[in-house]
$ cat upload.cif   # mmCIF, C-alpha atoms (C1' of nucleotides)
data_my_file
loop_
_atom_site.group_PDB
_atom_site.id
_atom_site.type_symbol
_atom_site.label_atom_id
_atom_site.label_comp_id
_atom_site.auth_asym_id
_atom_site.auth_seq_id
_atom_site.Cartn_x
_atom_site.Cartn_y
_atom_site.Cartn_z
ATOM 1 C CA MET C 1 22.981 -19.621 -9.630
ATOM 2 C CA SER C 2 21.617 -16.132 -9.836
ATOM 3 C CA LYS C 3 17.930 -15.463 -9.714
ATOM 4 C CA TYR C 4 15.589 -13.092 -11.498
ATOM 5 C CA TRP C 5 13.157 -10.566 -10.080
ATOM 6 C CA LEU C 6 10.688 -7.865 -11.011
ATOM 7 C CA MET C 7 10.515 -4.668 -8.990
ATOM 8 C CA LYS C 8 7.784 -2.068 -9.390
ATOM 9 C CA SER C 9 8.077 1.635 -8.963
ATOM 10 C CA GLU C 10 5.774 4.492 -9.745
ATOM 11 C CA PRO C 11 7.828 6.683 -12.081
ATOM 12 C CA GLY C 12 6.559 9.791 -10.298
ATOM 13 C CA ALA C 13 8.189 8.467 -7.119
ATOM 14 C CA TYR C 14 11.321 6.847 -8.599
ATOM 15 C CA SER C 15 11.791 6.116 -12.295
ATOM 16 C CA ILE C 16 14.351 4.261 -14.392
ATOM 17 C CA ASP C 17 15.719 7.686 -15.344
ATOM 18 C CA ASP C 18 16.290 8.440 -11.665
ATOM 19 C CA LEU C 19 18.143 5.141 -11.327
ATOM 20 C CA GLU C 20 20.246 5.850 -14.409
ATOM 21 C CA LYS C 21 21.157 9.261 -13.012
ATOM 22 C CA ASP C 22 21.910 7.907 -9.520
ATOM 23 C CA GLY C 23 23.752 4.816 -10.752
ATOM 24 C CA GLN C 24 22.460 2.843 -7.808
ATOM 25 C CA THR C 25 19.890 3.186 -5.051
ATOM 26 C CA PHE C 26 18.491 1.540 -1.934
ATOM 27 C CA TRP C 27 15.024 0.072 -2.406
ATOM 28 C CA ASP C 28 13.318 1.568 0.626
ATOM 29 C CA GLY C 29 9.648 1.803 1.466
ATOM 30 C CA VAL C 30 8.497 -1.762 0.846
ATOM 31 C CA ARG C 31 5.903 -2.507 3.543
ATOM 32 C CA ASN C 32 4.599 -5.880 2.466
ATOM 33 C CA TYR C 33 5.808 -9.024 4.204
ATOM 34 C CA GLN C 34 6.096 -11.241 1.182
ATOM 35 C CA ALA C 35 8.065 -8.631 -0.751
ATOM 36 C CA ARG C 36 10.217 -8.030 2.349
ATOM 37 C CA ASN C 37 10.990 -11.717 2.678
ATOM 38 C CA PHE C 38 12.224 -11.866 -0.897
ATOM 39 C CA MET C 39 14.573 -8.938 -0.278
ATOM 40 C CA ARG C 40 15.727 -10.102 3.164
ATOM 41 C CA ASP C 41 16.156 -13.796 2.414
ATOM 42 C CA GLU C 42 16.433 -14.547 -1.256
ATOM 43 C CA MET C 43 17.869 -11.720 -3.324
ATOM 44 C CA LYS C 44 21.617 -12.113 -3.835
ATOM 45 C CA VAL C 45 24.340 -9.908 -5.251
ATOM 46 C CA GLY C 46 24.385 -10.389 -9.006
ATOM 47 C CA ASP C 47 20.682 -11.231 -9.353
ATOM 48 C CA SER C 48 18.972 -9.516 -12.282
ATOM 49 C CA VAL C 49 15.947 -7.245 -11.964
ATOM 50 C CA LEU C 50 13.242 -6.215 -14.399
ATOM 51 C CA PHE C 51 12.439 -2.589 -13.599
ATOM 52 C CA TYR C 52 8.690 -2.035 -13.918
ATOM 53 C CA HIS C 53 6.834 1.254 -14.069
ATOM 54 C CA SER C 54 3.487 0.931 -12.299
ATOM 55 C CA ASN C 55 0.470 3.180 -11.912
ATOM 56 C CA THR C 56 1.307 5.053 -15.073
ATOM 57 C CA ALA C 57 0.106 5.023 -18.661
ATOM 58 C CA PRO C 58 1.104 2.641 -20.007
ATOM 59 C CA PRO C 59 2.512 0.418 -17.246
ATOM 60 C CA GLY C 60 5.281 -2.001 -18.248
ATOM 61 C CA VAL C 61 8.860 -3.213 -18.035
ATOM 62 C CA ILE C 62 11.165 -0.319 -18.819
ATOM 63 C CA GLY C 63 14.673 -1.613 -18.144
ATOM 64 C CA LEU C 64 17.119 -3.758 -16.211
ATOM 65 C CA ALA C 65 18.974 -3.485 -12.925
ATOM 66 C CA LYS C 66 21.236 -5.667 -10.828
ATOM 67 C CA VAL C 67 21.325 -6.440 -7.107
ATOM 68 C CA VAL C 68 24.529 -5.014 -5.609
ATOM 69 C CA ARG C 69 23.807 -5.339 -1.865
ATOM 70 C CA GLU C 70 21.809 -8.011 -0.084
ATOM 71 C CA GLY C 71 19.000 -7.463 2.415
ATOM 72 C CA TYR C 72 19.642 -5.042 5.281
ATOM 73 C CA PRO C 73 17.355 -3.001 7.535
ATOM 74 C CA ASP C 74 15.310 -0.238 5.904
ATOM 75 C CA HIS C 75 16.263 2.730 8.075
ATOM 76 C CA THR C 76 13.381 4.850 6.769
ATOM 77 C CA ALA C 77 11.000 2.745 8.897
ATOM 78 C CA CYS C 78 12.591 4.265 12.024
ATOM 79 C CA ASP C 79 12.423 7.867 10.816
ATOM 80 C CA PRO C 80 9.281 9.664 12.074
ATOM 81 C CA ASN C 81 9.674 12.241 9.314
ATOM 82 C CA ASP C 82 9.766 9.673 6.540
ATOM 83 C CA ILE C 83 6.628 8.920 4.590
ATOM 84 C CA HIS C 84 7.266 5.195 5.166
ATOM 85 C CA TYR C 85 7.720 5.552 8.947
ATOM 86 C CA ASP C 86 6.528 2.520 10.921
ATOM 87 C CA PRO C 87 6.204 3.028 14.699
ATOM 88 C CA LYS C 88 6.563 -0.721 15.227
ATOM 89 C CA ALA C 89 10.046 -0.771 13.705
ATOM 90 C CA SER C 90 13.197 -0.049 15.720
ATOM 91 C CA PRO C 91 16.967 -0.434 15.268
ATOM 92 C CA THR C 92 16.897 -3.649 17.329
ATOM 93 C CA ASN C 93 13.786 -4.943 15.562
ATOM 94 C CA PRO C 94 13.976 -3.445 12.085
ATOM 95 C CA ARG C 95 10.869 -5.168 10.723
ATOM 96 C CA TRP C 96 11.494 -3.948 7.158
ATOM 97 C CA TYR C 97 14.415 -4.657 4.836
ATOM 98 C CA MET C 98 15.753 -3.400 1.561
ATOM 99 C CA VAL C 99 18.410 -4.184 -1.035
ATOM 100 C CA ASP C 100 20.592 -1.974 -3.202
ATOM 101 C CA ILE C 101 20.262 -2.141 -6.967
ATOM 102 C CA GLU C 102 22.374 -0.711 -9.769
ATOM 103 C CA PHE C 103 21.288 0.615 -13.155
ATOM 104 C CA GLU C 104 22.024 -1.640 -16.112
ATOM 105 C CA GLU C 105 19.886 -0.713 -19.086
ATOM 106 C CA LYS C 106 16.902 1.335 -20.147
ATOM 107 C CA PHE C 107 14.943 -0.141 -23.029
ATOM 108 C CA SER C 108 14.431 2.063 -26.083
ATOM 109 C CA GLN C 109 10.701 1.685 -25.463
ATOM 110 C CA ILE C 110 8.606 0.353 -22.607
ATOM 111 C CA PHE C 111 7.391 -3.246 -22.941
ATOM 112 C CA GLU C 112 3.803 -2.759 -21.913
ATOM 113 C CA LEU C 113 1.728 -4.841 -19.551
ATOM 114 C CA SER C 114 -0.784 -5.330 -22.366
ATOM 115 C CA GLN C 115 2.019 -6.800 -24.514
ATOM 116 C CA LEU C 116 3.141 -9.109 -21.696
ATOM 117 C CA ARG C 117 -0.408 -10.431 -21.471
ATOM 118 C CA GLU C 118 -0.312 -11.473 -25.111
ATOM 119 C CA VAL C 119 2.759 -13.705 -24.771
ATOM 120 C CA LYS C 120 1.852 -17.346 -24.288
ATOM 121 C CA GLU C 121 5.030 -18.195 -22.348
ATOM 122 C CA LEU C 122 4.344 -15.465 -19.796
ATOM 123 C CA GLN C 123 0.850 -16.444 -18.726
ATOM 124 C CA LYS C 124 2.093 -17.886 -15.419
ATOM 125 C CA MET C 125 4.021 -14.771 -14.421
ATOM 126 C CA VAL C 126 3.355 -13.589 -10.873
ATOM 127 C CA LEU C 127 2.758 -10.139 -12.352
ATOM 128 C CA LEU C 128 -0.222 -11.382 -14.338
ATOM 129 C CA ASN C 129 -1.719 -13.368 -11.477
ATOM 130 C CA ARG C 130 -0.823 -11.563 -8.230
ATOM 131 C CA SER C 131 -0.692 -8.100 -9.556
ATOM 132 C CA ARG C 132 -0.174 -6.221 -6.302
ATOM 133 C CA LEU C 133 3.140 -7.732 -5.185
ATOM 134 C CA SER C 134 5.798 -5.064 -5.682
ATOM 135 C CA VAL C 135 8.861 -7.328 -5.474
ATOM 136 C CA GLN C 136 8.366 -10.678 -7.123
ATOM 137 C CA PRO C 137 10.295 -13.613 -8.585
ATOM 138 C CA VAL C 138 10.563 -14.152 -12.333
ATOM 139 C CA SER C 139 11.616 -17.463 -13.882
ATOM 140 C CA PRO C 140 14.805 -17.558 -16.006
ATOM 141 C CA ALA C 141 12.724 -18.370 -19.095
ATOM 142 C CA GLU C 142 10.321 -15.498 -18.434
ATOM 143 C CA PHE C 143 13.196 -13.100 -17.855
ATOM 144 C CA LYS C 144 14.992 -14.022 -21.059
ATOM 145 C CA LYS C 145 11.793 -13.886 -23.079
ATOM 146 C CA ILE C 146 10.901 -10.427 -21.821
ATOM 147 C CA VAL C 147 14.363 -9.003 -22.389
ATOM 148 C CA ARG C 148 14.466 -10.325 -25.944
ATOM 149 C CA LEU C 149 10.991 -9.042 -26.771
ATOM 150 C CA ALA C 150 11.641 -5.661 -25.161
ATOM 151 C CA ARG C 151 14.807 -5.204 -27.236
ATOM 152 C CA THR C 152 13.350 -6.326 -30.550
ATOM 153 C CA THR C 153 9.644 -5.487 -30.609
ATOM 154 C CA LYS C 154 8.685 -2.441 -32.595
ATOM 155 C CA LYS C 155 5.334 -0.837 -32.035
ATOM 156 C "C1'" DG J 1 -10.669 9.637 -10.380
ATOM 157 C "C1'" DC J 2 -12.884 5.172 -9.856
ATOM 158 C "C1'" DC J 3 -12.995 0.989 -7.874
ATOM 159 C "C1'" DA J 4 -11.812 -4.126 -7.589
ATOM 160 C "C1'" DA J 5 -8.574 -6.919 -5.442
ATOM 161 C "C1'" DC J 6 -6.378 -8.026 -1.606
ATOM 162 C "C1'" DG J 7 -3.171 -7.430 2.442
ATOM 163 C "C1'" DT J 8 -3.326 -5.832 7.292
ATOM 164 C "C1'" DT J 9 -5.340 -4.649 11.681
ATOM 165 C "C1'" DG J 10 -7.742 -5.267 15.719
ATOM 166 C "C1'" DG J 11 -12.016 -6.470 18.379
ATOM 167 C "C1'" DC J 12 -14.010 -10.299 20.073
ATOM 168 C "C1'" DG B 1 -8.102 -17.631 15.366
ATOM 169 C "C1'" DC B 2 -11.969 -15.534 12.885
ATOM 170 C "C1'" DC B 3 -13.443 -12.059 10.135
ATOM 171 C "C1'" DA B 4 -15.256 -7.286 9.348
ATOM 172 C "C1'" DA B 5 -13.420 -2.946 8.604
ATOM 173 C "C1'" DC B 6 -10.060 -0.459 6.688
ATOM 174 C "C1'" DG B 7 -6.189 1.087 3.771
ATOM 175 C "C1'" DT B 8 -3.418 0.556 -0.322
ATOM 176 C "C1'" DT B 9 -2.228 -0.846 -4.924
ATOM 177 C "C1'" DG B 10 -2.503 -0.217 -9.486
ATOM 178 C "C1'" DG B 11 -5.061 -0.949 -13.971
ATOM 179 C "C1'" DC B 12 -8.206 1.395 -16.497
#
$ encode --input "upload.cif" --output "structure tokens"
Amino acid sequence: MSKYWLMKSEPGAYSIDDLEKDGQTFWDGVRNYQARNFMRDEMKVGDSVLFYHSNTAPPGVIGLAKVVREGYPDHTACDPNDIHYDPKASPTNPRWYMVDIEFEEKFSQIFELSQLREVKELQKMVLLNRSRLSVQPVSPAEFKKIVRLARTTKK
DNA sequence: GCCAACGTTGGC
DNA sequence: GCCAACGTTGGC
């Protein structure tokens, strides 16, 4: 039984276009324990991901990705030259984890946060209630609803 | 660029 | 283990 997730990225740092070009990527740099736990413990190969552009105008869900490798240590935490370096992490005590995801689809237009807020069935989404979590679970019903709306809604 | 929300750190 | 200070996220 595969699960559904939402992952945020600032497009200036890593966008859906970057993912499409790369094909797949490792999701490094997450330094929040709850988000880490999802990646380390719960995300499985084959799980589906809503790719969300944050801190941009407008923010919203921009496409889909798929988990292709389960949680493993985020090596950038041990690299003093990396922007996400964490002196408390080490190869024997990695502290931070990441997954690999693969590009699946870019929507023809972004499905904006403001549009998500207007959908009755999405009012309980983590995104709308705990806005700062950068890796978060999405229910199957929420996932399907968003994908359908994103593919069919015309602005 | 502002700033509210909120997660993390560290002194006690 | 509390909680004030601090840093970051992310919408606007």
$ resolve_selection --input "upload.cif" --expression "the PyMOL selection byres ((chain C and resi 77-85) around 10)" --output "MDAnalysis selection string"
chainID C and resid 28:31 73:76 86:91 93:97
$ interface_residues --input "upload.cif" --of "chain J" --to "chain C" --cutoff "9 Å" --atoms "all atoms listed in the file" --output "ChimeraX atom specification"
/J:5-7
$ write_last_selection --input "upload.cif" --atoms "C-alpha atoms (C1' of nucleotides)" --output "CSV table (one decimal), in the frame of the given file"
chain,number,residue,atom,x,y,z
J,5,DA,C1',-8.6,-6.9,-5.4
J,6,DC,C1',-6.4,-8.0,-1.6
J,7,DG,C1',-3.2,-7.4,2.4
$ resolve_selection --input "upload.cif" --expression "the PyMOL selection byres ((chain J and resi 1) around 12)" --output "MDAnalysis selection string"
(chainID J and resid 2:3) or (chainID B and resid 12)
$ resolve_selection --input "upload.cif" --expression "the PyMOL selection byres ((chain C and resi 53) around 12)" --output "JSON, numbers by chain"
{"C": [6, 7, 8, 9, 10, 11, 12, 13, 14, 15, 16, 17, 50, 51, 52, 54, 55, 56, 57, 58, 59, 60, 61, 62, 63, 64, 106, 110, 111, 112, 113, 134], "B": [10]}
$ residues_around --input "upload.cif" --residues "Met1 of chain C" --least-positions-apart "2" --cutoff "10 Å" --atoms "all atoms listed in the file" --output "list in words"
Lys3, Lys44, Gly46 and Asp47 of chain C
$ atom_distance --input "upload.cif" --atom1 "atom CA of Thr25 of chain C" --atom2 "atom CA of Ala141 of chain C"
26.7 Å
$ atom_distance --input "upload.cif" --atom1 "atom CA of Phe103 of chain C" --atom2 "atom CA of Tyr4 of chain C"
14.9 Å
$ atom_distance --input "upload.cif" --atom1 "atom CA of Leu149 of chain C" --atom2 "atom CA of Met39 of chain C"
26.7 Å
$ residues_around --input "upload.cif" --residues "Val68 of chain C" --least-positions-apart "4" --cutoff "8 Å" --atoms "only C-alpha atoms (C1' of nucleotides)" --output "PyMOL selection string"
chain C and resi 44-46+99-102
$ build_atoms --input "upload.cif" --residues "segment 97-122 of chain C" --atoms "N, CA, C and O atoms" --output "PDB file, in the coordinates of the input"
ATOM      1  N   TYR C  97      13.097  -4.502   5.446  1.00  0.00           N
ATOM      2  CA  TYR C  97      14.415  -4.657   4.836  1.00  0.00           C
ATOM      3  C   TYR C  97      14.418  -4.116   3.425  1.00  0.00           C
ATOM      4  O   TYR C  97      13.363  -3.961   2.802  1.00  0.00           O
ATOM      5  N   MET C  98      15.620  -3.855   2.946  1.00  0.00           N
ATOM      6  CA  MET C  98      15.753  -3.400   1.561  1.00  0.00           C
ATOM      7  C   MET C  98      17.035  -3.974   0.964  1.00  0.00           C
ATOM      8  O   MET C  98      17.860  -4.551   1.671  1.00  0.00           O
ATOM      9  N   VAL C  99      17.175  -3.824  -0.346  1.00  0.00           N
ATOM     10  CA  VAL C  99      18.410  -4.184  -1.035  1.00  0.00           C
ATOM     11  C   VAL C  99      18.882  -2.952  -1.804  1.00  0.00           C
ATOM     12  O   VAL C  99      18.140  -1.982  -1.942  1.00  0.00           O
ATOM     13  N   ASP C 100      20.120  -3.007  -2.286  1.00  0.00           N
ATOM     14  CA  ASP C 100      20.592  -1.974  -3.202  1.00  0.00           C
ATOM     15  C   ASP C 100      20.596  -2.553  -4.612  1.00  0.00           C
ATOM     16  O   ASP C 100      20.988  -3.701  -4.820  1.00  0.00           O
ATOM     17  N   ILE C 101      20.182  -1.732  -5.562  1.00  0.00           N
ATOM     18  CA  ILE C 101      20.262  -2.141  -6.967  1.00  0.00           C
ATOM     19  C   ILE C 101      21.012  -1.087  -7.773  1.00  0.00           C
ATOM     20  O   ILE C 101      21.090   0.073  -7.379  1.00  0.00           O
ATOM     21  N   GLU C 102      21.548  -1.566  -8.900  1.00  0.00           N
ATOM     22  CA  GLU C 102      22.374  -0.711  -9.769  1.00  0.00           C
ATOM     23  C   GLU C 102      21.756  -0.688 -11.164  1.00  0.00           C
ATOM     24  O   GLU C 102      21.295  -1.718 -11.662  1.00  0.00           O
ATOM     25  N   PHE C 103      21.808   0.471 -11.784  1.00  0.00           N
ATOM     26  CA  PHE C 103      21.288   0.615 -13.155  1.00  0.00           C
ATOM     27  C   PHE C 103      22.071  -0.249 -14.131  1.00  0.00           C
ATOM     28  O   PHE C 103      23.298  -0.324 -14.066  1.00  0.00           O
ATOM     29  N   GLU C 104      21.351  -0.891 -15.055  1.00  0.00           N
ATOM     30  CA  GLU C 104      22.024  -1.640 -16.112  1.00  0.00           C
ATOM     31  C   GLU C 104      21.631  -1.167 -17.496  1.00  0.00           C
ATOM     32  O   GLU C 104      22.482  -1.002 -18.349  1.00  0.00           O
ATOM     33  N   GLU C 105      20.348  -1.002 -17.724  1.00  0.00           N
ATOM     34  CA  GLU C 105      19.886  -0.713 -19.086  1.00  0.00           C
ATOM     35  C   GLU C 105      18.484  -0.125 -19.042  1.00  0.00           C
ATOM     36  O   GLU C 105      17.666  -0.534 -18.230  1.00  0.00           O
ATOM     37  N   LYS C 106      18.267   0.855 -19.913  1.00  0.00           N
ATOM     38  CA  LYS C 106      16.902   1.335 -20.147  1.00  0.00           C
ATOM     39  C   LYS C 106      16.519   0.934 -21.554  1.00  0.00           C
ATOM     40  O   LYS C 106      17.263   1.202 -22.504  1.00  0.00           O
ATOM     41  N   PHE C 107      15.375   0.275 -21.702  1.00  0.00           N
ATOM     42  CA  PHE C 107      14.943  -0.141 -23.029  1.00  0.00           C
ATOM     43  C   PHE C 107      14.594   1.085 -23.877  1.00  0.00           C
ATOM     44  O   PHE C 107      14.196   2.127 -23.347  1.00  0.00           O
ATOM     45  N   SER C 108      14.739   0.929 -25.202  1.00  0.00           N
ATOM     46  CA  SER C 108      14.431   2.063 -26.083  1.00  0.00           C
ATOM     47  C   SER C 108      12.946   2.402 -26.026  1.00  0.00           C
ATOM     48  O   SER C 108      12.553   3.538 -26.268  1.00  0.00           O
ATOM     49  N   GLN C 109      12.116   1.389 -25.722  1.00  0.00           N
ATOM     50  CA  GLN C 109      10.701   1.685 -25.463  1.00  0.00           C
ATOM     51  C   GLN C 109      10.179   0.727 -24.404  1.00  0.00           C
ATOM     52  O   GLN C 109      10.683  -0.379 -24.249  1.00  0.00           O
ATOM     53  N   ILE C 110       9.178   1.173 -23.679  1.00  0.00           N
ATOM     54  CA  ILE C 110       8.606   0.353 -22.607  1.00  0.00           C
ATOM     55  C   ILE C 110       7.962  -0.892 -23.212  1.00  0.00           C
ATOM     56  O   ILE C 110       7.371  -0.833 -24.297  1.00  0.00           O
ATOM     57  N   PHE C 111       8.124  -2.046 -22.534  1.00  0.00           N
ATOM     58  CA  PHE C 111       7.391  -3.246 -22.941  1.00  0.00           C
ATOM     59  C   PHE C 111       6.154  -3.326 -22.061  1.00  0.00           C
ATOM     60  O   PHE C 111       6.216  -3.638 -20.890  1.00  0.00           O
ATOM     61  N   GLU C 112       5.018  -3.032 -22.677  1.00  0.00           N
ATOM     62  CA  GLU C 112       3.803  -2.759 -21.913  1.00  0.00           C
ATOM     63  C   GLU C 112       3.182  -4.005 -21.294  1.00  0.00           C
ATOM     64  O   GLU C 112       3.294  -5.104 -21.840  1.00  0.00           O
ATOM     65  N   LEU C 113       2.499  -3.770 -20.194  1.00  0.00           N
ATOM     66  CA  LEU C 113       1.728  -4.841 -19.551  1.00  0.00           C
ATOM     67  C   LEU C 113       0.797  -5.532 -20.541  1.00  0.00           C
ATOM     68  O   LEU C 113       0.679  -6.763 -20.554  1.00  0.00           O
ATOM     69  N   SER C 114       0.152  -4.741 -21.390  1.00  0.00           N
ATOM     70  CA  SER C 114      -0.784  -5.330 -22.366  1.00  0.00           C
ATOM     71  C   SER C 114      -0.054  -6.253 -23.340  1.00  0.00           C
ATOM     72  O   SER C 114      -0.615  -7.248 -23.807  1.00  0.00           O
ATOM     73  N   GLN C 115       1.228  -5.925 -23.641  1.00  0.00           N
ATOM     74  CA  GLN C 115       2.019  -6.800 -24.514  1.00  0.00           C
ATOM     75  C   GLN C 115       2.435  -8.070 -23.779  1.00  0.00           C
ATOM     76  O   GLN C 115       2.439  -9.156 -24.358  1.00  0.00           O
ATOM     77  N   LEU C 116       2.792  -7.933 -22.492  1.00  0.00           N
ATOM     78  CA  LEU C 116       3.141  -9.109 -21.696  1.00  0.00           C
ATOM     79  C   LEU C 116       1.981 -10.103 -21.679  1.00  0.00           C
ATOM     80  O   LEU C 116       2.182 -11.311 -21.799  1.00  0.00           O
ATOM     81  N   ARG C 117       0.777  -9.573 -21.551  1.00  0.00           N
ATOM     82  CA  ARG C 117      -0.408 -10.431 -21.471  1.00  0.00           C
ATOM     83  C   ARG C 117      -0.622 -11.260 -22.729  1.00  0.00           C
ATOM     84  O   ARG C 117      -1.261 -12.306 -22.685  1.00  0.00           O
ATOM     85  N   GLU C 118      -0.080 -10.784 -23.834  1.00  0.00           N
ATOM     86  CA  GLU C 118      -0.312 -11.473 -25.111  1.00  0.00           C
ATOM     87  C   GLU C 118       0.678 -12.603 -25.374  1.00  0.00           C
ATOM     88  O   GLU C 118       0.518 -13.349 -26.328  1.00  0.00           O
ATOM     89  N   VAL C 119       1.721 -12.711 -24.526  1.00  0.00           N
ATOM     90  CA  VAL C 119       2.759 -13.705 -24.771  1.00  0.00           C
ATOM     91  C   VAL C 119       2.410 -15.006 -24.049  1.00  0.00           C
ATOM     92  O   VAL C 119       2.286 -15.033 -22.831  1.00  0.00           O
ATOM     93  N   LYS C 120       2.284 -16.057 -24.829  1.00  0.00           N
ATOM     94  CA  LYS C 120       1.852 -17.346 -24.288  1.00  0.00           C
ATOM     95  C   LYS C 120       2.755 -17.811 -23.146  1.00  0.00           C
ATOM     96  O   LYS C 120       2.274 -18.261 -22.110  1.00  0.00           O
ATOM     97  N   GLU C 121       4.078 -17.673 -23.339  1.00  0.00           N
ATOM     98  CA  GLU C 121       5.030 -18.195 -22.348  1.00  0.00           C
ATOM     99  C   GLU C 121       5.024 -17.415 -21.033  1.00  0.00           C
ATOM    100  O   GLU C 121       5.679 -17.819 -20.078  1.00  0.00           O
ATOM    101  N   LEU C 122       4.319 -16.301 -21.002  1.00  0.00           N
ATOM    102  CA  LEU C 122       4.344 -15.465 -19.796  1.00  0.00           C
ATOM    103  C   LEU C 122       3.057 -15.537 -18.984  1.00  0.00           C
ATOM    104  O   LEU C 122       2.895 -14.817 -17.993  1.00  0.00           O
TER     105      LEU C 122
END
